[in-house]
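Participant: Sharing target_22.txt (compact mmCIF, C-alpha atoms) below.
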```
# COMPACT_ATOMS: atom_id res chain seq x y z
CA MET S 6 26.24 -49.32 0.99
CA LYS S 7 28.85 -46.63 1.56
CA LEU S 8 28.25 -45.31 -1.95
CA LEU S 9 24.53 -45.13 -1.22
CA TYR S 10 25.26 -43.25 2.01
CA LEU S 11 27.42 -40.72 0.16
CA ALA S 12 24.78 -40.26 -2.55
CA ASN S 13 22.14 -39.65 0.08
CA GLY S 14 24.40 -37.13 1.83
CA LEU S 15 24.93 -35.30 -1.47
CA ALA S 16 21.17 -35.30 -2.14
CA VAL S 17 20.23 -33.91 1.26
CA GLY S 18 22.93 -31.23 0.94
CA VAL S 19 21.63 -30.03 -2.42
CA PHE S 20 18.04 -30.35 -1.18
CA GLY S 21 18.67 -28.12 1.85
CA MET S 22 20.73 -25.51 -0.01
CA VAL S 23 18.27 -25.11 -2.90
CA LEU S 24 15.33 -24.98 -0.51
CA SER S 25 17.09 -22.40 1.71
CA ALA S 26 17.72 -20.20 -1.33
CA SER S 27 14.12 -20.55 -2.55
CA PHE S 28 12.84 -19.46 0.87
CA CYS S 29 14.95 -16.29 0.67
CA GLU S 30 13.72 -13.10 -1.04
CA VAL S 31 16.49 -12.62 -3.61
CA VAL S 32 16.38 -10.84 -6.97
CA TRP S 33 18.02 -13.60 -8.97
CA THR S 34 20.35 -12.12 -11.56
CA ARG S 35 22.80 -14.22 -13.57
CA GLU S 36 25.66 -13.18 -11.31
CA LYS S 37 23.75 -14.15 -8.16
CA ARG S 38 22.80 -17.53 -9.60
CA ARG S 39 26.42 -18.20 -10.41
CA ALA S 40 27.45 -17.08 -6.94
CA LEU S 41 24.91 -19.45 -5.36
CA VAL S 42 25.97 -22.41 -7.50
CA GLY S 43 29.63 -21.69 -6.78
CA SER S 44 28.94 -21.47 -3.06
CA MET S 45 27.04 -24.77 -3.14
CA VAL S 46 29.93 -26.48 -4.91
CA CYS S 47 32.41 -25.11 -2.37
CA LEU S 48 30.28 -26.25 0.55
CA LEU S 49 29.87 -29.73 -0.92
CA LEU S 50 33.65 -29.96 -1.43
CA LEU S 51 34.17 -28.83 2.15
CA GLN S 52 31.81 -31.55 3.32
CA ALA S 53 33.76 -34.13 1.31
CA LEU S 54 37.03 -32.88 2.78
CA VAL S 55 35.71 -33.11 6.35
CA TYR S 56 34.29 -36.59 5.65
CA ALA S 57 37.61 -37.81 4.25
CA ALA S 58 39.82 -36.24 6.94
CA LEU S 59 37.85 -37.08 10.07
CA GLU S 60 36.25 -40.18 11.47
CA GLU S 61 32.76 -41.27 10.44
CA GLY S 62 30.02 -39.25 12.16
CA SER S 63 32.14 -36.11 12.49
CA LEU S 64 30.60 -34.52 9.38
CA GLU S 65 27.10 -34.68 10.81
CA ALA S 66 28.29 -33.11 14.08
CA LEU S 67 30.13 -30.33 12.26
CA TYR S 68 27.36 -29.73 9.71
CA PRO S 69 26.21 -26.45 11.35
CA LEU S 70 29.74 -25.02 10.97
CA VAL S 71 30.67 -26.37 7.54
CA THR S 72 27.28 -25.94 5.86
CA HIS S 73 24.51 -24.09 7.70
CA LEU S 74 26.48 -21.09 8.93
CA PRO S 75 28.36 -20.46 5.63
CA LEU S 76 25.11 -20.91 3.68
CA ALA S 77 23.34 -18.36 5.89
CA VAL S 78 26.21 -15.90 5.34
CA VAL S 79 26.01 -16.37 1.56
CA LEU S 80 22.24 -15.84 1.55
CA CYS S 81 22.61 -12.73 3.72
CA TRP S 82 25.01 -11.35 1.12
CA LEU S 83 22.75 -12.27 -1.82
CA SER S 84 19.52 -10.96 -0.26
CA GLY S 85 20.86 -7.97 1.66
CA GLN S 86 18.95 -9.15 4.74
CA ARG S 87 20.25 -10.33 8.10
CA LEU S 88 17.57 -12.23 10.00
CA TRP S 89 15.51 -13.88 7.29
CA PRO S 90 18.32 -15.89 5.60
CA VAL S 91 19.05 -17.54 8.96
CA ILE S 92 15.35 -18.38 9.34
CA SER S 93 15.34 -19.73 5.76
CA VAL S 94 18.18 -22.14 6.56
CA LEU S 95 16.45 -23.31 9.76
CA THR S 96 13.15 -23.78 7.91
CA ALA S 97 14.84 -25.74 5.13
CA TYR S 98 16.47 -27.99 7.75
CA LEU S 99 13.03 -28.58 9.25
CA CYS S 100 11.71 -29.54 5.80
CA CYS S 101 14.55 -32.05 5.45
CA GLN S 102 12.79 -34.02 8.15
CA LEU S 103 10.07 -34.78 5.60
CA ARG S 104 12.52 -36.92 3.60
CA ARG S 105 13.62 -38.83 6.64
CA TRP S 106 10.11 -39.34 8.01
CA LEU S 107 8.74 -40.58 4.70
CA ALA S 108 11.63 -43.04 4.49
CA LEU S 109 11.09 -44.21 8.06
CA LEU S 110 7.40 -44.70 7.33
CA VAL S 111 8.18 -46.90 4.32
CA VAL S 112 10.74 -48.86 6.34
CA ALA S 113 8.23 -49.38 9.15
CA MET S 114 5.58 -50.60 6.72
CA ALA S 115 7.84 -52.70 4.49
CA GLY S 116 10.11 -54.02 7.21
CA GLY S 117 13.38 -52.95 5.53
CA GLY S 118 16.58 -51.59 6.99
CA ILE S 119 18.99 -48.70 6.58
CA ILE S 120 19.55 -49.45 2.88
CA LEU S 121 15.85 -49.14 2.11
CA GLN S 122 15.73 -45.94 4.14
CA ASP S 123 18.52 -44.38 2.09
CA VAL S 124 16.93 -45.52 -1.19
CA VAL S 125 13.57 -44.03 -0.29
CA GLN S 126 15.17 -40.74 0.77
CA LEU S 127 16.94 -40.55 -2.60
CA VAL S 128 13.75 -41.34 -4.52
CA VAL S 129 11.60 -38.69 -2.78
CA THR S 130 14.23 -35.94 -2.89
CA LEU S 131 13.45 -34.39 -6.29
CA PRO S 132 9.60 -34.67 -6.14
CA LEU S 133 9.54 -33.28 -2.61
CA LEU S 134 11.95 -30.46 -3.50
CA TRP S 135 9.84 -29.52 -6.54
CA ALA S 136 6.64 -29.49 -4.48
CA LEU S 137 8.14 -27.33 -1.72
CA VAL S 138 9.72 -24.84 -4.15
CA ARG S 139 6.56 -24.69 -6.26
CA TYR S 140 3.90 -24.43 -3.55
CA ALA S 141 5.46 -23.60 -0.17
CA ALA S 142 8.33 -21.26 -1.04
CA PRO S 143 6.22 -18.28 -2.26
CA SER S 144 4.26 -18.18 1.00
CA VAL S 145 7.41 -18.55 3.09
CA ARG S 146 9.15 -15.76 1.15
CA ALA S 147 6.18 -13.47 1.74
CA ILE S 148 6.81 -13.62 5.50
CA SER S 149 10.18 -11.92 4.94
CA HIS S 150 8.24 -8.70 4.25
CA TYR S 151 6.42 -8.91 7.58
CA PRO S 152 7.57 -7.02 10.69
CA THR S 153 10.56 -8.47 12.53
CA SER S 154 8.34 -9.57 15.43
CA VAL S 155 6.33 -11.78 13.07
CA GLN S 156 9.50 -13.22 11.57
CA TRP S 157 10.73 -14.15 15.06
CA GLN S 158 7.43 -15.91 15.76
CA PHE S 159 7.77 -17.85 12.52
CA ALA S 160 11.32 -18.84 13.47
CA VAL S 161 10.38 -20.37 16.84
CA ILE S 162 9.39 -23.84 15.60
CA PRO S 163 12.29 -24.30 13.10
CA ALA S 164 14.82 -23.11 15.70
CA LEU S 165 13.47 -25.38 18.44
CA SER S 166 13.33 -28.32 16.07
CA TYR S 167 16.91 -27.65 14.95
CA GLY S 168 18.22 -27.47 18.50
CA PHE S 169 16.21 -30.49 19.59
CA ASP S 170 17.44 -32.66 16.69
CA TYR S 171 21.10 -31.87 17.24
CA LEU S 172 20.93 -32.10 21.03
CA THR S 173 19.00 -35.37 21.32
CA ARG S 174 19.98 -37.26 18.16
CA ILE S 175 23.42 -36.08 16.99
CA TYR S 176 25.34 -34.73 19.98
CA THR S 177 23.68 -37.17 22.41
CA ASP S 178 21.60 -40.33 22.16
CA TRP S 179 18.80 -39.17 24.45
CA LEU S 180 16.03 -39.70 21.91
CA ASN S 181 17.00 -43.30 21.10
CA GLU S 182 17.49 -44.02 24.79
CA GLY S 183 13.93 -42.89 25.45
CA SER S 184 14.73 -40.00 27.77
CA PRO S 185 11.36 -38.65 29.02
CA ALA S 186 12.47 -35.05 28.57
CA ALA S 187 13.48 -35.74 24.95
CA VAL S 188 10.39 -37.81 24.14
CA GLU S 189 7.97 -35.26 25.57
CA PHE S 190 9.74 -32.19 24.19
CA MET S 191 8.10 -32.10 20.74
CA PRO S 192 4.56 -32.57 22.13
CA PHE S 193 5.38 -29.65 24.43
CA VAL S 194 6.49 -27.59 21.42
CA CYS S 195 3.29 -28.51 19.54
CA CYS S 196 1.19 -27.42 22.52
CA LEU S 197 3.13 -24.17 22.82
CA ALA S 198 2.83 -23.50 19.09
CA TYR S 199 -0.91 -24.16 19.23
CA LEU S 200 -1.40 -21.71 22.10
CA LEU S 201 0.64 -19.05 20.32
CA PHE S 202 -1.36 -19.66 17.16
CA VAL S 203 -4.64 -19.26 19.05
CA LEU S 204 -3.47 -16.03 20.70
CA ARG S 205 -2.16 -14.63 17.42
CA THR S 206 -5.32 -15.57 15.55
CA SER S 207 -7.47 -13.99 18.24
CA GLU S 208 -5.48 -10.76 18.01
CA GLU S 209 -5.78 -10.76 14.22
CA VAL S 210 -9.54 -11.34 14.35
CA GLN S 211 -10.00 -8.55 16.88
CA ALA S 212 -7.86 -6.19 14.81
CA ARG S 213 -9.78 -7.11 11.64
CA THR S 214 -13.11 -6.58 13.41
CA ALA S 215 -11.95 -3.20 14.71
CA LEU S 216 -10.89 -2.21 11.19
CA GLU S 217 -14.26 -3.30 9.77
CA GLN S 218 -16.08 -1.29 12.41
CA THR S 219 -13.87 1.73 11.75
CA GLN S 220 -14.47 1.41 8.03
CA ASN S 221 -18.19 1.07 8.59
CA SER S 222 -18.19 4.13 10.83
CA LEU S 223 -16.27 6.13 8.24
CA ASN S 224 -18.64 5.02 5.50
CA LEU S 225 -21.63 6.06 7.59
CA GLN S 226 -20.07 9.43 8.35
CA VAL S 227 -19.30 9.97 4.67
CA ASP S 228 -22.86 9.00 3.67
CA GLN S 229 -24.31 11.28 6.29
CA ALA S 230 -22.01 14.11 5.22
CA VAL S 231 -23.13 13.64 1.62
CA ARG S 232 -26.79 13.82 2.70
CA GLU S 233 -26.13 16.94 4.76
CA ILE S 234 -24.27 18.59 1.89
CA GLU S 235 -27.13 17.75 -0.44
CA ALA S 236 -29.62 19.15 2.07
CA LEU S 237 -27.55 22.32 2.39
CA ARG S 238 -27.35 22.58 -1.39
CA VAL S 239 -31.12 22.30 -1.70
CA SER S 240 -31.61 24.78 1.14
CA GLN S 241 -29.17 27.22 -0.46
CA LYS S 242 -30.91 26.87 -3.82
CA THR S 243 -34.29 27.52 -2.18
CA ALA S 244 -32.91 30.56 -0.33
CA SER S 245 -31.44 31.86 -3.58
CA THR S 246 -34.81 31.44 -5.22
CA TYR S 247 -36.53 33.33 -2.41
CA ARG S 248 -33.98 36.13 -2.67
CA HIS S 249 -34.56 36.31 -6.38
CA ASP S 250 -38.35 36.34 -5.95
CA LEU S 251 -38.34 38.69 -2.98
CA ARG S 252 -39.14 41.72 -5.15
CA HIS S 253 -42.11 39.92 -6.67
CA HIS S 254 -43.40 38.91 -3.23
CA LEU S 255 -43.13 42.47 -1.98
CA GLN S 256 -44.92 43.79 -5.08
CA TYR S 257 -47.75 41.32 -4.54
CA LEU S 258 -48.05 42.19 -0.84
CA SER S 259 -47.99 45.91 -1.69
CA ALA S 260 -50.81 45.44 -4.19
CA CYS S 261 -52.88 43.52 -1.64
CA ILE S 262 -52.41 46.25 0.97
CA GLU S 263 -53.23 49.02 -1.51
CA ASN S 264 -56.46 47.27 -2.46
CA GLY S 265 -57.43 46.63 1.15
CA ARG S 266 -57.02 42.86 0.99
CA SER S 267 -55.10 42.47 4.23
CA GLU S 268 -56.33 38.93 4.95
CA GLN S 269 -55.09 37.74 1.55
CA ALA S 270 -51.73 39.38 2.25
CA GLN S 271 -51.60 37.69 5.69
CA ASP S 272 -52.31 34.28 4.18
CA TYR S 273 -49.61 34.84 1.58
CA ILE S 274 -47.10 35.70 4.29
CA HIS S 275 -48.02 32.54 6.25
CA THR S 276 -47.55 30.45 3.08
CA ILE S 277 -44.10 31.88 2.44
CA CYS S 278 -43.07 31.34 6.09
CA ALA S 279 -44.27 27.72 5.98
CA GLU S 280 -42.20 27.06 2.86
CA ILE S 281 -39.13 28.57 4.51
CA ASP S 282 -39.64 26.53 7.71
CA ALA S 283 -39.94 23.32 5.69
CA GLY S 284 -36.39 23.73 4.42
CA LYS S 285 -34.64 24.15 7.76
CA VAL S 286 -33.28 21.55 10.17
CA THR S 287 -35.84 20.62 12.79
CA VAL S 288 -34.61 21.19 16.33
CA TYR S 289 -35.34 18.10 18.40
CA CYS S 290 -32.78 18.70 21.15
CA GLN S 291 -29.80 20.83 22.14
CA ASN S 292 -27.25 18.56 20.43
CA GLU S 293 -26.50 19.84 16.93
CA ALA S 294 -25.09 16.56 15.61
CA ALA S 295 -28.13 14.64 16.83
CA ASN S 296 -30.43 17.23 15.22
CA LEU S 297 -28.73 16.78 11.85
CA ILE S 298 -29.03 12.99 11.99
CA LEU S 299 -32.61 13.02 13.25
CA SER S 300 -33.69 15.63 10.70
CA ALA S 301 -32.11 13.69 7.85
CA PHE S 302 -33.82 10.43 8.80
CA ALA S 303 -37.10 12.20 9.51
CA GLY S 304 -37.02 13.50 5.93
CA ARG S 305 -36.22 10.05 4.53
CA ALA S 306 -38.98 8.46 6.59
CA GLU S 307 -41.50 11.08 5.49
CA ALA S 308 -40.53 10.56 1.83
CA ARG S 309 -41.33 6.84 2.22
CA GLY S 310 -44.56 7.42 4.09
CA ILE S 311 -43.26 6.00 7.37
CA PRO S 312 -44.30 7.85 10.56
CA LEU S 313 -41.27 8.69 12.72
CA LYS S 314 -41.97 9.91 16.26
CA ILE S 315 -38.99 11.52 17.98
CA GLN S 316 -38.66 12.44 21.64
CA ALA S 317 -35.09 13.57 22.25
CA VAL S 318 -33.60 15.41 25.22
CA ILE S 319 -29.93 15.25 24.31
CA PRO S 320 -27.63 18.00 25.63
CA GLN S 321 -24.70 19.36 23.66
CA ASP S 322 -22.13 17.94 26.11
CA LEU S 323 -22.20 14.16 26.29
CA PRO S 324 -19.89 11.40 27.56
CA VAL S 325 -20.03 10.06 23.99
CA SER S 326 -17.97 11.51 21.14
CA GLU S 327 -19.86 13.26 18.36
CA SER S 328 -18.70 10.74 15.75
CA ASP S 329 -19.82 7.75 17.84
CA LEU S 330 -23.18 9.43 18.50
CA CYS S 331 -23.69 9.96 14.77
CA VAL S 332 -22.72 6.37 13.96
CA LEU S 333 -24.97 5.01 16.72
CA LEU S 334 -28.05 6.99 15.63
CA SER S 335 -27.39 6.44 11.93
CA ASN S 336 -26.99 2.66 12.31
CA ALA S 337 -30.04 2.29 14.52
CA LEU S 338 -32.32 4.46 12.37
CA GLU S 339 -30.99 2.97 9.14
CA ASN S 340 -31.89 -0.54 10.33
CA ALA S 341 -35.33 0.60 11.52
CA LEU S 342 -36.01 2.45 8.27
CA HIS S 343 -34.92 -0.54 6.21
CA ALA S 344 -37.25 -2.89 8.10
CA CYS S 345 -40.20 -0.51 7.81
CA ALA S 346 -39.55 0.14 4.12
CA ALA S 347 -39.85 -3.60 3.45
CA LEU S 348 -43.23 -3.62 5.23
CA ARG S 349 -44.44 -0.59 3.28
CA THR S 350 -43.44 -2.28 0.02
CA ALA S 351 -45.57 -5.25 1.05
CA GLY S 352 -48.49 -2.90 1.72
CA GLN S 353 -48.34 -3.24 5.51
CA ARG S 354 -48.40 -0.57 8.19
CA ALA S 355 -45.04 0.50 9.62
CA GLU S 356 -43.84 3.14 12.08
CA ILE S 357 -40.75 4.14 14.07
CA ALA S 358 -40.55 5.69 17.54
CA LEU S 359 -37.33 7.07 19.00
CA SER S 360 -36.70 8.14 22.57
CA ALA S 361 -33.35 9.52 23.75
CA TYR S 362 -32.28 11.36 26.89
CA GLU S 363 -29.29 11.91 29.15
CA LYS S 364 -29.32 11.19 32.87
CA ASN S 365 -26.48 10.97 35.40
CA ALA S 366 -23.87 11.37 32.65
CA ARG S 367 -25.38 8.43 30.78
CA LEU S 368 -27.07 8.44 27.38
CA PHE S 369 -30.20 6.32 27.05
CA LEU S 370 -31.59 5.45 23.63
CA GLU S 371 -34.63 3.38 22.68
CA ILE S 372 -35.87 2.78 19.15
CA ARG S 373 -39.01 0.80 18.36
CA ASN S 374 -39.95 -0.11 14.82
CA SER S 375 -42.36 -2.42 13.07
CA CYS S 376 -40.87 -5.66 11.80
CA GLY S 377 -42.22 -8.38 9.58
CA ASP S 378 -40.46 -11.74 9.48
CA ALA S 379 -39.28 -13.44 12.66
CA VAL S 380 -35.94 -12.01 13.78
CA ALA S 381 -33.15 -14.53 14.43
CA PHE S 382 -30.86 -14.01 17.43
CA ASP S 383 -27.58 -15.66 18.33
CA GLU S 384 -26.72 -17.09 21.75
CA GLU S 385 -25.78 -13.60 23.00
CA GLY S 386 -29.14 -12.11 22.03
CA ILE S 387 -27.78 -10.18 19.03
CA PRO S 388 -29.84 -10.24 15.81
CA VAL S 389 -28.20 -12.09 12.94
CA THR S 390 -28.90 -12.38 9.24
CA ASP S 391 -27.51 -14.35 6.32
CA ARG S 392 -28.11 -11.57 3.82
CA PRO S 393 -24.83 -10.21 2.41
CA GLY S 394 -23.95 -6.68 3.46
CA HIS S 395 -26.27 -6.74 6.46
CA GLY S 396 -25.46 -7.10 10.16
CA ILE S 397 -22.50 -4.69 10.13
CA GLY S 398 -24.58 -1.91 11.68
CA VAL S 399 -25.59 -4.11 14.61
CA ARG S 400 -21.96 -5.05 15.25
CA SER S 401 -21.00 -1.38 15.12
CA ILE S 402 -23.68 -0.51 17.70
CA CYS S 403 -22.45 -3.28 20.00
CA ALA S 404 -18.84 -2.15 19.56
CA ILE S 405 -19.66 1.44 20.51
CA SER S 406 -21.60 0.24 23.55
CA GLU S 407 -18.72 -1.99 24.62
CA ARG S 408 -16.22 0.84 24.11
CA TYR S 409 -18.05 3.03 26.63
CA GLY S 410 -18.82 0.19 29.05
CA GLY S 411 -22.51 0.43 28.23
CA LEU S 412 -25.33 -2.04 27.71
CA THR S 413 -27.21 -3.05 24.56
CA SER S 414 -30.35 -5.14 24.25
CA PHE S 415 -32.39 -6.31 21.28
CA ALA S 416 -35.92 -7.72 21.42
CA ALA S 417 -38.64 -8.63 18.93
CA LYS S 418 -42.21 -9.30 20.01
CA ASP S 419 -45.64 -9.02 18.36
CA GLY S 420 -44.26 -7.44 15.19
CA CYS S 421 -42.26 -4.78 17.07
CA PHE S 422 -38.47 -4.68 17.22
CA THR S 423 -36.91 -2.81 20.15
CA LEU S 424 -33.34 -1.59 20.52
CA ARG S 425 -32.15 -0.22 23.85
CA VAL S 426 -28.71 1.28 24.39
CA MET S 427 -27.20 2.77 27.53
CA LEU S 428 -23.82 4.50 27.26
```
Please rewrite the model in this file as structure tokens.

Facilitator:
Amino acid sequence: MKLLYLANGLAVGVFGMVLSASFCEVVWTREKRRALVGSMVCLLLLQALVYAALEEGSLEALYPLVTHLPLAVVLCWLSGQRLWPVISVLTAYLCCQLRRWLALLVVAMAGGGIILQDVVQLVVTLPLLWALVRYAAPSVRAISHYPTSVQWQFAVIPALSYGFDYLTRIYTDWLNEGSPAAVEFMPFVCCLAYLLFVLRTSEEVQARTALEQTQNSLNLQVDQAVREIEALRVSQKTASTYRHDLRHHLQYLSACIENGRSEQAQDYIHTICAEIDAGKVTVYCQNEAANLILSAFAGRAEARGIPLKIQAVIPQDLPVSESDLCVLLSNALENALHACAALRTAGQRAEIALSAYEKNARLFLEIRNSCGDAVAFDEEGIPVTDRPGHGIGVRSICAISERYGGLTSFAAKDGCFTLRVML
């Protein structure tokens, strides 16, 4: 029985040391492998010396000093890190509980004693070590590259478990005596860990959503900038053509005047002016950014045969940033144009009407567009869709409204979809 106890002690020592090293981010050269193996041998010999020199039970009480602390120092030297090797040792100690719990489970089911417990722990050591090194260690090592604050959060559960085990099971007998504080401590830790996990997950989701909205806004701004550059390129090419043909126009007008055909000359001038006006940005309001967006979408709507009625009284100075205004208008008009284009493809009538104005330092926007299929809304009244790549614009609109403490409403009735935004 004593031999079995010693074999189990040797197994758990090797198990914890190898697992601690696998959790550490170390570039394993031949020299470092030799240093680790040599350190493990020295620590095991130190354990044997303490076991032989002191009374039974002393080794377990001194284990943090004769094994855990020296092992952490060795791993700090091998990895060049300070905090993470300590966390690796604590995490490996926590994983050692898997051996003991599996053995206790078998003993509880089979009705054996301490001998069966030691045998089961020996049997599961190698398979469990292989599984942890193969599947868990890479993910644990990856956390060593995270910020120190994240590493501290990861260390909370292993550190509490380590302190709890030594305080209630090794240095005292509180756990076996059924002390309420000891019995209820781990459920308390589980509850605390769950709450921290929920808070952390919520923060991560909010950060990810903000990044998606920022990315979407940047993509929209880039797309709009590309359209504006293309429009400027076309306008510049048209102006260059008119400059090139100016001499010919003047010669034609001169000939008309010389031959007394003033009406024909007047009509020709009106035609040239109309062509020039068609290439410029339509002025809908005082806000230049809004004019660019509205003009661009008016051109796209006209190219698709979709009537777009615009009534905009938007001043240059607004409580909304220019980038957010562009993203808001672009998202709203893009969604309306997409819905109407689908109706036009199906041979149905479609139109868009936009109304925007500023009052009492607030921007009011309303867009009505034809819609075909029934629009699905979630419990908050926000339209949803299962089509990939869609729905981001709606989330962006809601995010901008929330950022400025505004209101957003969506409604669909009698084939007409209505978006109202107040910022």

Participant: What does the distance between CA of Ile92 in chain S and CA of Val138 in chain S come to in Å, to one decimal place?

Facilitator: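 For CA of Ile92 in chain S relative to CA of Val138 in chain S, the distance reads 16.0 Å.
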
Participant: For Trp33 in chain S, which residue out of S:Ala142, S:Leu80, S:Ile175, S:Ala212 is the nearest one, using only C-alpha atoms?

Facilitator: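 Counting only C-alpha atoms, the residue closest to Trp33 in chain S is S:Leu80.
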
Participant: For each of S:Gly411, S:Ser328, S:Arg305, S:Ile120, take the minimum atom-to-atom distance to Leu8 in chain S, counting all atoms listed in the file, then give the residue where this is smallest.

Facilitator: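 Closest residue, counting all atoms listed in the file: S:Ile120.
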
Participant: Please return as a ChimeraX atom specification every residue within 12 Å of (8.2, -38.8, -1.4), taking into account all atoms listed in the file and the file's own coordinates.

Facilitator: /S:101-111,122,124-137

Participant: Just the number, please: distance in Å from CA of Glu293 in chain S to CA of Pro312 in chain S, one decimal.

Facilitator: 22.4 Å

Participant: Leaving out Gln158 in chain S and any residue of its chain fewer than 6 positions from it, which residues lie within 10 Å of it when counting all atoms listed in the file, given as a list in words?

Facilitator: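 Counting all atoms listed in the file, the residues come to Ala198, Leu201, Phe202 and Arg205 of chain S.
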
Participant: Mind giving me the straight-line distance from CA of Lys364 in chain S to CA of Val325 in chain S in Å, one decimal?

Facilitator: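 Computing it gives 12.9 Å between the two atoms.
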
Participant: May I ask which of the residues S:Val32, S:Tyr176, S:Ala160, S:Ile405 is the closest one to Leu67 in chain S, counting all atoms listed in the file?

Facilitator: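 Once distances to Leu67 in chain S are computed over all atoms listed in the file, the minimum belongs to S:Tyr176.
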